[in-house]
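Source file: input-v6.txt. Holds: compact mmCIF, C-alpha atoms.
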# COMPACT_ATOMS: atom_id res chain seq x y z
CA MET A 1 136.89 87.92 120.61
CA ASN A 2 134.60 86.95 117.75
CA LEU A 3 133.28 89.59 115.36
CA GLY A 4 129.65 89.21 116.53
CA LEU A 5 130.56 90.16 120.08
CA ARG A 6 132.78 92.98 118.83
CA ALA A 7 129.83 94.32 116.80
CA ILE A 8 127.52 94.28 119.83
CA LEU A 9 130.08 95.94 122.12
CA TYR A 10 130.85 98.66 119.58
CA THR A 11 127.13 99.37 119.06
CA VAL A 12 126.64 99.80 122.80
CA ARG A 13 129.82 101.79 123.35
CA LYS A 14 129.06 104.23 120.51
CA TRP A 15 125.47 104.70 121.62
CA LYS A 16 125.17 108.24 120.23
CA LYS A 17 126.07 107.10 116.73
CA THR A 18 123.82 104.06 117.20
CA LEU A 19 120.92 106.27 118.26
CA LEU A 20 121.45 108.58 115.27
CA VAL A 21 121.42 105.72 112.77
CA PHE A 22 118.45 104.12 114.57
CA CYS A 23 116.35 107.30 114.39
CA LEU A 24 117.27 107.79 110.76
CA LEU A 25 116.33 104.20 109.84
CA LEU A 26 113.11 104.42 111.86
CA ALA A 27 112.01 107.64 110.14
CA ILE A 28 113.00 106.47 106.66
CA SER A 29 111.36 103.05 107.02
CA THR A 30 108.17 104.58 108.41
CA LEU A 31 107.91 107.00 105.49
CA VAL A 32 108.67 104.33 102.88
CA LEU A 33 106.18 101.88 104.41
CA SER A 34 103.54 104.61 104.48
CA GLY A 35 104.37 105.52 100.89
CA LEU A 36 103.95 101.91 99.75
CA ALA A 37 100.59 101.69 101.53
CA ILE A 38 99.43 104.95 99.92
CA ALA A 39 100.61 103.69 96.52
CA ASP A 40 98.57 100.51 96.96
CA ALA A 41 95.51 102.53 97.97
CA GLN A 42 96.05 104.69 94.90
CA GLU A 43 96.19 101.61 92.67
CA GLU A 44 92.99 100.26 94.21
CA GLN A 45 91.30 103.60 93.59
CA THR A 46 92.49 103.53 89.99
CA GLU A 47 91.07 100.02 89.55
CA GLU A 48 87.79 101.17 91.05
CA VAL A 49 87.64 104.22 88.79
CA ARG A 50 88.22 102.04 85.74
CA GLY A 51 85.01 100.18 86.51
CA THR A 52 82.78 102.98 87.81
CA THR A 53 83.26 105.99 85.55
CA GLY A 54 80.62 104.88 83.07
CA ALA A 55 83.01 104.51 80.13
CA SER A 56 80.98 103.53 77.08
CA PHE A 57 80.75 103.64 73.34
CA THR A 58 77.86 104.72 71.17
CA VAL A 59 76.77 103.02 67.96
CA GLU A 60 74.52 105.17 65.76
CA ARG A 61 73.21 105.40 62.24
CA ASN A 62 75.61 107.04 59.79
CA LEU A 63 73.23 109.49 58.09
CA SER A 64 75.91 110.65 55.68
CA THR A 65 75.93 107.30 53.87
CA GLY A 66 72.16 106.89 53.71
CA GLY A 67 69.53 108.36 51.43
CA TRP A 68 66.69 110.75 52.22
CA ALA A 69 62.93 110.69 51.63
CA SER A 70 60.04 113.10 52.21
CA GLU A 71 56.69 112.65 53.91
CA ASN A 72 53.98 115.10 55.03
CA GLY A 73 56.16 118.07 54.24
CA GLY A 74 59.21 116.75 56.07
CA SER A 75 62.25 114.67 55.19
CA TYR A 76 63.80 111.70 56.94
CA SER A 77 66.83 109.51 56.49
CA THR A 78 66.37 106.12 54.87
CA GLN A 79 69.56 104.79 56.48
CA GLU A 80 68.94 101.39 58.06
CA PHE A 81 68.17 101.34 61.76
CA ILE A 82 70.08 99.40 64.38
CA SER A 83 68.52 95.96 64.76
CA GLU A 84 68.00 94.11 68.02
CA GLU A 85 70.09 91.24 66.63
CA MET A 86 72.95 93.68 66.04
CA ILE A 87 72.62 94.98 69.61
CA GLN A 88 72.71 91.47 71.07
CA GLU A 89 75.79 90.60 69.00
CA ILE A 90 77.67 93.67 70.24
CA ALA A 91 76.50 93.10 73.83
CA SER A 92 77.97 89.58 73.73
CA VAL A 93 81.51 90.93 73.25
CA GLU A 94 83.62 90.24 76.33
CA GLY A 95 83.98 93.32 78.51
CA VAL A 96 80.57 94.86 77.72
CA ALA A 97 78.71 95.26 81.03
CA GLY A 98 75.34 96.39 79.74
CA TYR A 99 73.56 98.43 77.14
CA ASP A 100 70.59 100.61 76.33
CA ALA A 101 69.18 101.71 73.00
CA SER A 102 67.34 104.88 72.12
CA THR A 103 64.06 105.26 70.29
CA GLY A 104 62.57 108.65 70.96
CA CYS A 105 59.06 110.04 70.58
CA LEU A 106 56.93 112.88 71.96
CA PRO A 107 53.77 111.35 73.42
CA GLN A 108 51.00 112.90 75.44
CA LEU A 109 50.58 110.95 78.66
CA SER A 110 47.39 110.52 80.67
CA ASN A 111 46.13 108.44 83.56
CA ALA A 112 43.58 105.62 83.30
CA ALA A 113 40.76 108.20 83.47
CA GLY A 114 42.12 110.06 80.45
CA GLU A 115 43.40 113.06 82.45
CA SER A 116 46.58 114.62 81.10
CA LEU A 117 49.77 114.27 83.16
CA SER A 118 51.54 117.20 81.52
CA LEU A 119 53.20 119.73 83.81
CA GLU A 120 54.37 122.48 81.48
CA SER A 121 54.97 121.19 77.95
CA PHE A 122 52.41 119.93 75.47
CA SER A 123 53.99 116.49 75.49
CA PHE A 124 56.61 114.40 77.27
CA TYR A 125 59.99 113.45 75.87
CA ALA A 126 60.03 109.65 75.94
CA TYR A 127 63.08 107.43 75.69
CA GLY A 128 62.40 103.93 74.47
CA SER A 129 64.70 101.80 76.61
CA PHE A 130 65.86 98.21 76.77
CA ASN A 131 67.68 98.71 80.08
CA SER A 132 67.06 102.18 81.48
CA GLN A 133 69.74 101.82 84.18
CA TYR A 134 72.27 102.14 81.35
CA ASN A 135 70.73 105.28 79.92
CA SER A 136 73.37 108.00 79.95
CA LEU A 137 71.26 110.21 82.23
CA PHE A 138 71.22 107.54 84.95
CA VAL A 139 74.82 106.40 84.43
CA SER A 140 76.08 109.98 84.67
CA GLY A 141 74.15 110.51 87.90
CA GLN A 142 71.92 113.29 86.56
CA LEU A 143 68.87 111.19 87.32
CA ALA A 144 68.45 108.55 90.04
CA LEU A 145 65.82 105.86 90.52
CA VAL A 146 64.14 106.38 93.91
CA GLU A 147 61.18 103.99 93.76
CA GLY A 148 60.35 100.80 91.93
CA SER A 149 62.58 99.28 89.29
CA HIS A 150 64.28 100.20 86.04
CA ILE A 151 62.97 99.28 82.60
CA THR A 152 64.42 95.93 81.53
CA GLU A 153 64.39 94.25 78.14
CA ASP A 154 61.82 91.67 79.26
CA MET A 155 59.27 94.43 79.98
CA THR A 156 56.89 95.27 77.16
CA ASN A 157 54.84 98.10 78.68
CA GLY A 158 56.76 99.65 81.59
CA ILE A 159 57.28 103.38 82.15
CA LEU A 160 59.36 105.55 84.50
CA LEU A 161 58.21 109.04 85.45
CA SER A 162 59.71 111.83 87.56
CA ARG A 163 58.86 112.15 91.23
CA GLU A 164 57.37 115.61 90.61
CA CYS A 165 55.08 114.28 87.89
CA VAL A 166 54.00 111.31 89.98
CA GLU A 167 53.27 113.39 93.09
CA LYS A 168 51.42 116.12 91.21
CA ASN A 169 49.16 113.61 89.49
CA GLY A 170 48.63 111.35 92.50
CA LEU A 171 50.12 108.28 90.81
CA GLN A 172 51.43 105.13 92.48
CA LEU A 173 53.57 102.25 91.33
CA GLY A 174 51.45 99.84 89.31
CA ASP A 175 49.08 102.53 87.98
CA THR A 176 48.19 102.61 84.30
CA VAL A 177 49.63 105.38 82.13
CA ILE A 178 48.33 105.86 78.58
CA GLY A 179 50.64 107.20 75.89
CA LYS A 180 49.65 108.59 72.50
CA ILE A 181 51.49 110.71 69.95
CA TRP A 182 49.18 113.53 68.89
CA ASP A 183 49.42 114.19 65.15
CA PRO A 184 46.56 115.42 62.90
CA ASN A 185 48.04 113.45 59.98
CA TYR A 186 47.80 110.07 61.70
CA ASP A 187 45.41 108.17 63.88
CA ASN A 188 48.05 107.00 66.30
CA PRO A 189 47.20 104.25 68.80
CA GLU A 190 46.85 104.63 72.54
CA ILE A 191 49.35 102.42 74.38
CA GLU A 192 48.75 101.36 77.95
CA MET A 193 51.81 101.18 80.19
CA GLU A 194 52.43 100.34 83.82
CA LEU A 195 54.25 102.75 86.14
CA VAL A 196 57.15 100.57 87.33
CA GLY A 197 59.53 103.19 88.68
CA VAL A 198 60.02 106.78 89.80
CA PHE A 199 63.18 108.82 89.24
CA ASP A 200 64.41 111.97 90.90
CA ILE A 201 66.50 114.77 89.43
CA VAL A 202 70.00 114.95 90.90
CA ALA A 203 71.51 117.38 88.38
CA ASP A 204 71.27 121.10 88.88
CA LYS A 205 69.08 122.14 85.95
CA GLU A 206 70.23 125.73 86.36
CA ASP A 207 73.75 124.63 85.44
CA GLU A 208 74.15 125.06 81.70
CA ALA A 209 76.58 122.13 81.62
CA ASN A 210 73.64 119.85 82.36
CA MET A 211 71.30 121.44 79.82
CA TYR A 212 72.07 119.77 76.54
CA ASP A 213 70.27 118.47 73.45
CA ASP A 214 66.69 117.50 74.28
CA SER A 215 66.83 118.69 77.87
CA SER A 216 67.18 122.27 76.63
CA LEU A 217 63.59 121.97 75.34
CA TRP A 218 62.08 119.56 77.87
CA ASP A 219 62.46 119.86 81.59
CA PHE A 220 63.82 116.71 83.24
CA THR A 221 60.54 116.45 85.13
CA GLU A 222 58.76 115.80 81.83
CA TYR A 223 61.04 113.02 80.73
CA ALA A 224 59.65 109.51 80.51
CA PHE A 225 61.44 106.21 80.02
CA CYS A 226 59.29 103.60 78.32
CA SER A 227 59.81 100.00 77.31
CA ASN A 228 61.17 99.92 73.79
CA ASP A 229 58.15 97.89 72.62
CA ALA A 230 55.78 100.56 73.94
CA THR A 231 57.67 103.39 72.22
CA THR A 232 57.76 101.46 68.96
CA ALA A 233 54.01 100.81 69.18
CA MET A 234 53.27 104.51 69.75
CA ALA A 235 55.31 105.50 66.64
CA VAL A 236 54.14 102.63 64.44
CA GLU A 237 52.53 104.93 61.85
CA TYR A 238 55.77 106.75 61.04
CA SER A 239 58.17 105.59 58.34
CA ASP A 240 61.15 106.88 60.33
CA GLY A 241 59.70 106.29 63.78
CA GLY A 242 60.09 103.46 66.20
CA GLY A 243 63.47 102.39 64.83
CA ILE A 244 66.59 102.23 66.97
CA GLU A 245 68.79 105.16 66.00
CA ASP A 246 71.59 104.72 68.53
CA ALA A 247 72.69 102.29 71.22
CA PHE A 248 74.91 102.79 74.24
CA PHE A 249 77.23 100.05 75.48
CA TYR A 250 78.97 100.30 78.86
CA VAL A 251 82.19 98.44 79.66
CA ASN A 252 83.52 96.82 82.83
CA ASP A 253 86.97 98.31 82.51
CA ALA A 254 87.41 101.81 81.10
CA ALA A 255 91.06 101.10 80.34
CA GLN A 256 89.97 98.37 77.89
CA LEU A 257 87.47 100.57 76.04
CA ASN A 258 89.53 100.98 72.85
CA ASN A 259 90.31 97.26 72.70
CA ILE A 260 86.62 96.41 73.07
CA ILE A 261 85.69 98.90 70.33
CA GLU A 262 88.25 97.29 68.00
CA GLU A 263 86.73 93.88 68.69
CA VAL A 264 83.22 95.21 68.03
CA GLN A 265 84.33 96.76 64.73
CA SER A 266 85.68 93.37 63.68
CA ILE A 267 82.17 91.84 63.72
CA SER A 268 81.80 90.93 60.04
CA SER A 269 78.01 90.64 60.04
CA ILE A 270 77.63 94.40 60.63
CA ASN A 271 78.01 96.80 57.71
CA TRP A 272 80.04 99.49 59.46
CA ASN A 273 79.67 101.78 56.46
CA ASN A 274 76.13 102.40 57.69
CA TYR A 275 77.04 103.06 61.33
CA THR A 276 79.46 105.13 63.37
CA ILE A 277 80.98 104.16 66.68
CA THR A 278 82.16 106.73 69.23
CA ALA A 279 84.07 106.27 72.49
CA ASN A 280 82.67 108.07 75.55
CA ASP A 281 85.41 108.13 78.17
CA GLU A 282 86.02 111.81 78.84
CA VAL A 283 85.29 111.43 82.55
CA TYR A 284 87.65 108.46 82.86
CA GLN A 285 90.41 110.21 80.93
CA ASN A 286 90.18 113.30 83.14
CA ILE A 287 90.09 111.32 86.38
CA SER A 288 92.72 108.87 85.13
CA SER A 289 95.07 111.72 84.31
CA ALA A 290 94.70 113.15 87.81
CA LEU A 291 95.18 109.72 89.40
CA SER A 292 98.23 109.07 87.23
CA ASP A 293 99.76 112.38 88.32
CA THR A 294 99.17 111.48 91.97
CA GLU A 295 100.66 108.01 91.47
CA THR A 296 103.73 109.53 89.82
CA LEU A 297 104.09 111.98 92.71
CA ILE A 298 103.89 109.19 95.29
CA THR A 299 106.45 107.07 93.43
CA THR A 300 108.76 110.05 93.05
CA LEU A 301 108.56 110.81 96.77
CA ILE A 302 109.36 107.19 97.69
CA VAL A 303 112.37 107.16 95.35
CA ALA A 304 113.53 110.58 96.58
CA ILE A 305 113.28 109.53 100.23
CA THR A 306 115.20 106.33 99.51
CA VAL A 307 117.98 108.09 97.57
CA VAL A 308 118.41 110.92 100.09
CA SER A 309 118.39 108.40 102.94
CA MET A 310 121.00 106.27 101.21
CA VAL A 311 123.27 109.31 100.81
CA LEU A 312 122.85 110.31 104.47
CA ILE A 313 123.58 106.82 105.74
CA ILE A 314 126.67 106.53 103.53
CA LEU A 315 127.92 109.88 104.87
CA ILE A 316 127.34 108.85 108.48
CA LEU A 317 129.01 105.47 108.00
CA SER A 318 131.92 107.02 106.07
CA MET A 319 132.55 109.47 108.91
CA SER A 320 132.35 106.59 111.37
CA THR A 321 134.79 104.49 109.33
CA ARG A 322 137.30 107.36 109.10
CA SER A 323 137.12 107.85 112.87
CA ARG A 324 137.89 104.14 113.33
CA LYS A 325 141.02 104.00 111.19
CA ARG A 326 143.28 103.17 114.15
CA GLU A 327 140.94 100.39 115.25
CA THR A 328 140.78 99.08 111.71
CA GLY A 329 144.58 99.16 111.36
CA ILE A 330 145.08 97.24 114.62
CA LEU A 331 142.53 94.58 113.61
CA LEU A 332 144.25 94.13 110.27
CA ALA A 333 147.70 94.14 111.91
CA VAL A 334 146.80 91.26 114.25
CA GLY A 335 145.80 89.16 111.30
CA ILE A 336 142.06 89.69 111.00
CA ALA A 337 141.13 89.65 107.30
CA LYS A 338 139.59 92.67 105.63
CA PRO A 339 136.33 90.78 104.79
CA ALA A 340 135.93 89.95 108.50
CA VAL A 341 136.39 93.61 109.46
CA ILE A 342 133.84 94.69 106.87
CA LEU A 343 131.48 91.96 108.06
CA GLN A 344 131.74 93.41 111.58
CA TYR A 345 130.71 96.82 110.25
CA VAL A 346 127.79 95.21 108.39
CA LEU A 347 126.66 93.39 111.55
CA GLU A 348 126.79 96.62 113.56
CA THR A 349 124.46 98.33 111.08
CA LEU A 350 122.13 95.35 110.75
CA LEU A 351 121.81 95.09 114.55
CA ILE A 352 120.36 98.61 114.52
CA ALA A 353 118.11 97.78 111.55
CA VAL A 354 116.74 94.65 113.27
CA VAL A 355 115.27 96.91 115.95
CA ALA A 356 114.37 99.87 113.72
CA PHE A 357 112.45 98.00 110.98
CA PRO A 358 109.85 96.27 113.23
CA LEU A 359 109.27 99.51 115.15
CA ALA A 360 108.82 101.31 111.82
CA TYR A 361 106.23 98.72 110.82
CA LEU A 362 104.25 99.49 113.97
CA SER A 363 104.59 103.26 113.71
CA SER A 364 103.73 103.31 110.00
CA LYS A 365 100.33 101.76 110.76
CA GLN A 366 99.52 104.98 112.60
CA VAL A 367 101.30 107.40 110.29
CA ALA A 368 100.16 105.97 106.91
CA GLY A 369 96.52 106.93 107.34
CA VAL A 370 97.40 110.51 108.27
CA LEU A 371 99.79 110.90 105.32
CA GLY A 372 97.24 109.25 103.03
CA MET A 373 94.74 111.99 103.82
CA LEU A 374 97.18 114.49 102.29
CA PHE A 375 96.73 112.63 99.00
CA GLY A 376 92.95 112.53 99.27
CA LYS A 377 92.72 108.98 100.63
CA ALA A 378 90.44 107.84 103.43
CA SER A 379 92.65 106.85 106.34
CA GLU A 380 91.00 103.42 106.62
CA SER A 381 91.87 102.65 102.99
CA VAL A 382 95.62 103.12 103.57
CA ILE A 383 96.79 99.86 105.11
CA VAL A 384 100.39 98.83 105.77
CA LEU A 385 100.63 95.13 104.92
CA PRO A 386 103.20 92.48 105.92
CA GLU A 387 104.22 92.42 102.25
CA HIS A 388 105.24 96.06 102.55
CA PHE A 389 107.33 95.28 105.64
CA LEU A 390 109.03 92.35 103.89
CA LEU A 391 109.89 94.56 100.91
CA VAL A 392 111.33 97.30 103.13
CA ALA A 393 113.22 94.82 105.35
CA VAL A 394 114.84 92.97 102.44
CA GLY A 395 115.38 96.03 100.28
CA GLY A 396 116.56 98.11 103.22
CA GLY A 397 118.96 95.39 104.32
CA ILE A 398 120.50 95.21 100.85
CA LEU A 399 120.85 99.00 100.71
CA LEU A 400 122.46 99.10 104.16
CA ILE A 401 125.00 96.44 103.22
CA THR A 402 125.75 98.40 100.05
CA ALA A 403 126.17 101.59 102.09
CA VAL A 404 128.62 99.89 104.45
CA LEU A 405 130.67 98.54 101.55
CA ILE A 406 130.79 101.97 99.87
CA SER A 407 131.74 103.76 103.10
CA SER A 408 134.52 101.23 103.78
CA ILE A 409 136.25 101.54 100.40
CA SER A 410 138.61 104.34 101.43
CA ALA A 411 139.86 102.54 104.54
CA MET A 412 139.93 98.99 103.21
CA ARG A 413 142.08 99.85 100.19
CA LEU A 414 144.98 100.78 102.52
CA LYS A 415 147.43 98.38 104.17
CA PRO A 416 147.59 98.15 108.00
CA ARG A 417 150.91 100.05 108.16
CA GLN A 418 149.50 102.87 105.98
CA ILE A 419 146.43 103.14 108.18
CA LEU A 420 148.45 103.28 111.41
CA SER A 421 150.98 105.73 109.95
CA GLN A 422 148.15 108.15 109.15
CA MET A 423 147.15 108.11 112.81
CA GLU A 424 150.62 109.07 114.09
What's the structure tokens form of this structure?
Amino acid sequence: MNLGLRAILYTVRKWKKTLLVFCLLLAISTLVLSGLAIADAQEEQTEEVRGTTGASFTVERNLSTGGWASENGGSYSTQEFISEEMIQEIASVEGVAGYDASTGCLPQLSNAAGESLSLESFSFYAYGSFNSQYNSLFVSGQLALVEGSHITEDMTNGILLSRECVEKNGLQLGDTVIGKIWDPNYDNPEIEMELVGVFDIVADKEDEANMYDDSSLWDFTEYAFCSNDATTAMAVEYSDGGGIEDAFFYVNDAAQLNNIIEEVQSISSINWNNYTITANDEVYQNISSALSDTETLITTLIVAITVVSMVLIILILSMSTRSRKRETGILLAVGIAKPAVILQYVLETLLIAVVAFPLAYLSSKQVAGVLGMLFGKASESVIVLPEHFLLVAVGGGILLITAVLISSISAMRLKPRQILSQME
């Protein structure tokens, strides 16, 4: 009788042991397949986070290395401003997704009839923007564009206003808004701008975490985002006005932020003694840390399940081998080589695995989504792939063969007469 037939007959005859090993392999394989699918979903989430957390770096004037001057009773820094050429050079570095630059002023705004648009404050707080979608308030989600379009660098006279301001003053997209900085010391010009977009306030202004810097003095509803050219024109009379004081650069991949900053700092045409550069990736670091902890937990669980399963299978097979000592001794006594006997044991185990692994692949498609929800994953994002099955089938097969070899050591090291004598 060949060993293949012997393996089949033994598997059928010892159906209780076969069923035990089958259930164990089915459960283990299902859990490991689900774990691999969850791990892949976790990696995809990590990749997504790296590109969507708004990681950026800020370039700003280094006031500590510049001089100071006085004018009209006040002082201002004479440090050089950030030039548009400098901004374009930094923006051309690979990995930079977009940028915005800040020139601030406090204009009074009115409609085409000269009627003031102010809600509470004497003036608005205006950001001069190249690309307002990359302003930190929009990137962080505190403000959201709800009508029209963002300010872009090819606009010379665009303006964004809050929904509350627009509704209170009966404005519509395309209307003219006039901006002028009121100052008794200067005859500042009136600058006409076109209302190109409307933003809404998403942040809870009652939350102190959202009330910082300028927003502690100006309500978000009285913020305005103007084309950089328009802001510069309104502040043209000021020696320290209209210049770009800081610029914000957003990257495609938060994990590459430090590398991108190093490349930017290597630009030889920029005198970095006059500027500082700061990484802004707190959100990414916090989220990344949590995701890393989850990924470590998932990996640990997969390894733990595999190790515990391996131990259980070795114990079951060792008990089975010990109970078959007489059979093993007879097979060896009639001239069947030890490798052939071991191969029979391997075939018996693999016959069970051939049925268990495909069924585990099917069951894991149902189980993976449910288990993924325990790790905060949407069930539809946890997908068991054929690649996962191939990994489990090949890896599981190797582990099973190893388990059979380990469990057979005690019996195979004895001679046939020794084996049979122990059974007397």
(request) Find the residues near A:Tyr345: any atom within 9 Å, counting only C-alpha atoms, skip ones fewer than 4 places away on the same chain, and give them as a list of chain:residue names. (result)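 These residues fall inside the cut-off: A:Ala7, A:Thr321, A:Ala340, A:Val341, A:Thr349, A:Leu350, A:Val404, A:Leu405, A:Ser408.
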(message) Under the rule that all atoms listed in the file are counted, which of A:Ala91, A:Ala403, A:Val166, A:Leu119 is the nearest residue to A:Ile316?
(response)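 Among the listed residues, A:Ala403 lies closest to A:Ile316.
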(message) So that I can check the surroundings of stretch 385-401 of chain A, please list as a PyMOL selection string every protein, DNA and RNA residue that reaches within 8 Å of it, counting all atoms listed in the file and ignoring chain neighbours fewer than 2 positions away.
(response) chain A and resi 29+32-33+36-37+310+313+346+349-350+353+357+361+383+403-405
(request) Calculate how many Å separate atom CA of A:Cys226 from atom CA of A:Glu194, rounding to one decimal. (result)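 Between atom CA of A:Cys226 and atom CA of A:Glu194 the gap works out to 9.4 Å.
Taking only C-alpha atoms into account, A:Met193 lies nearest to A:Asp175 out of the set A:Glu164, A:Asp175, A:Glu245, A:Asp293.
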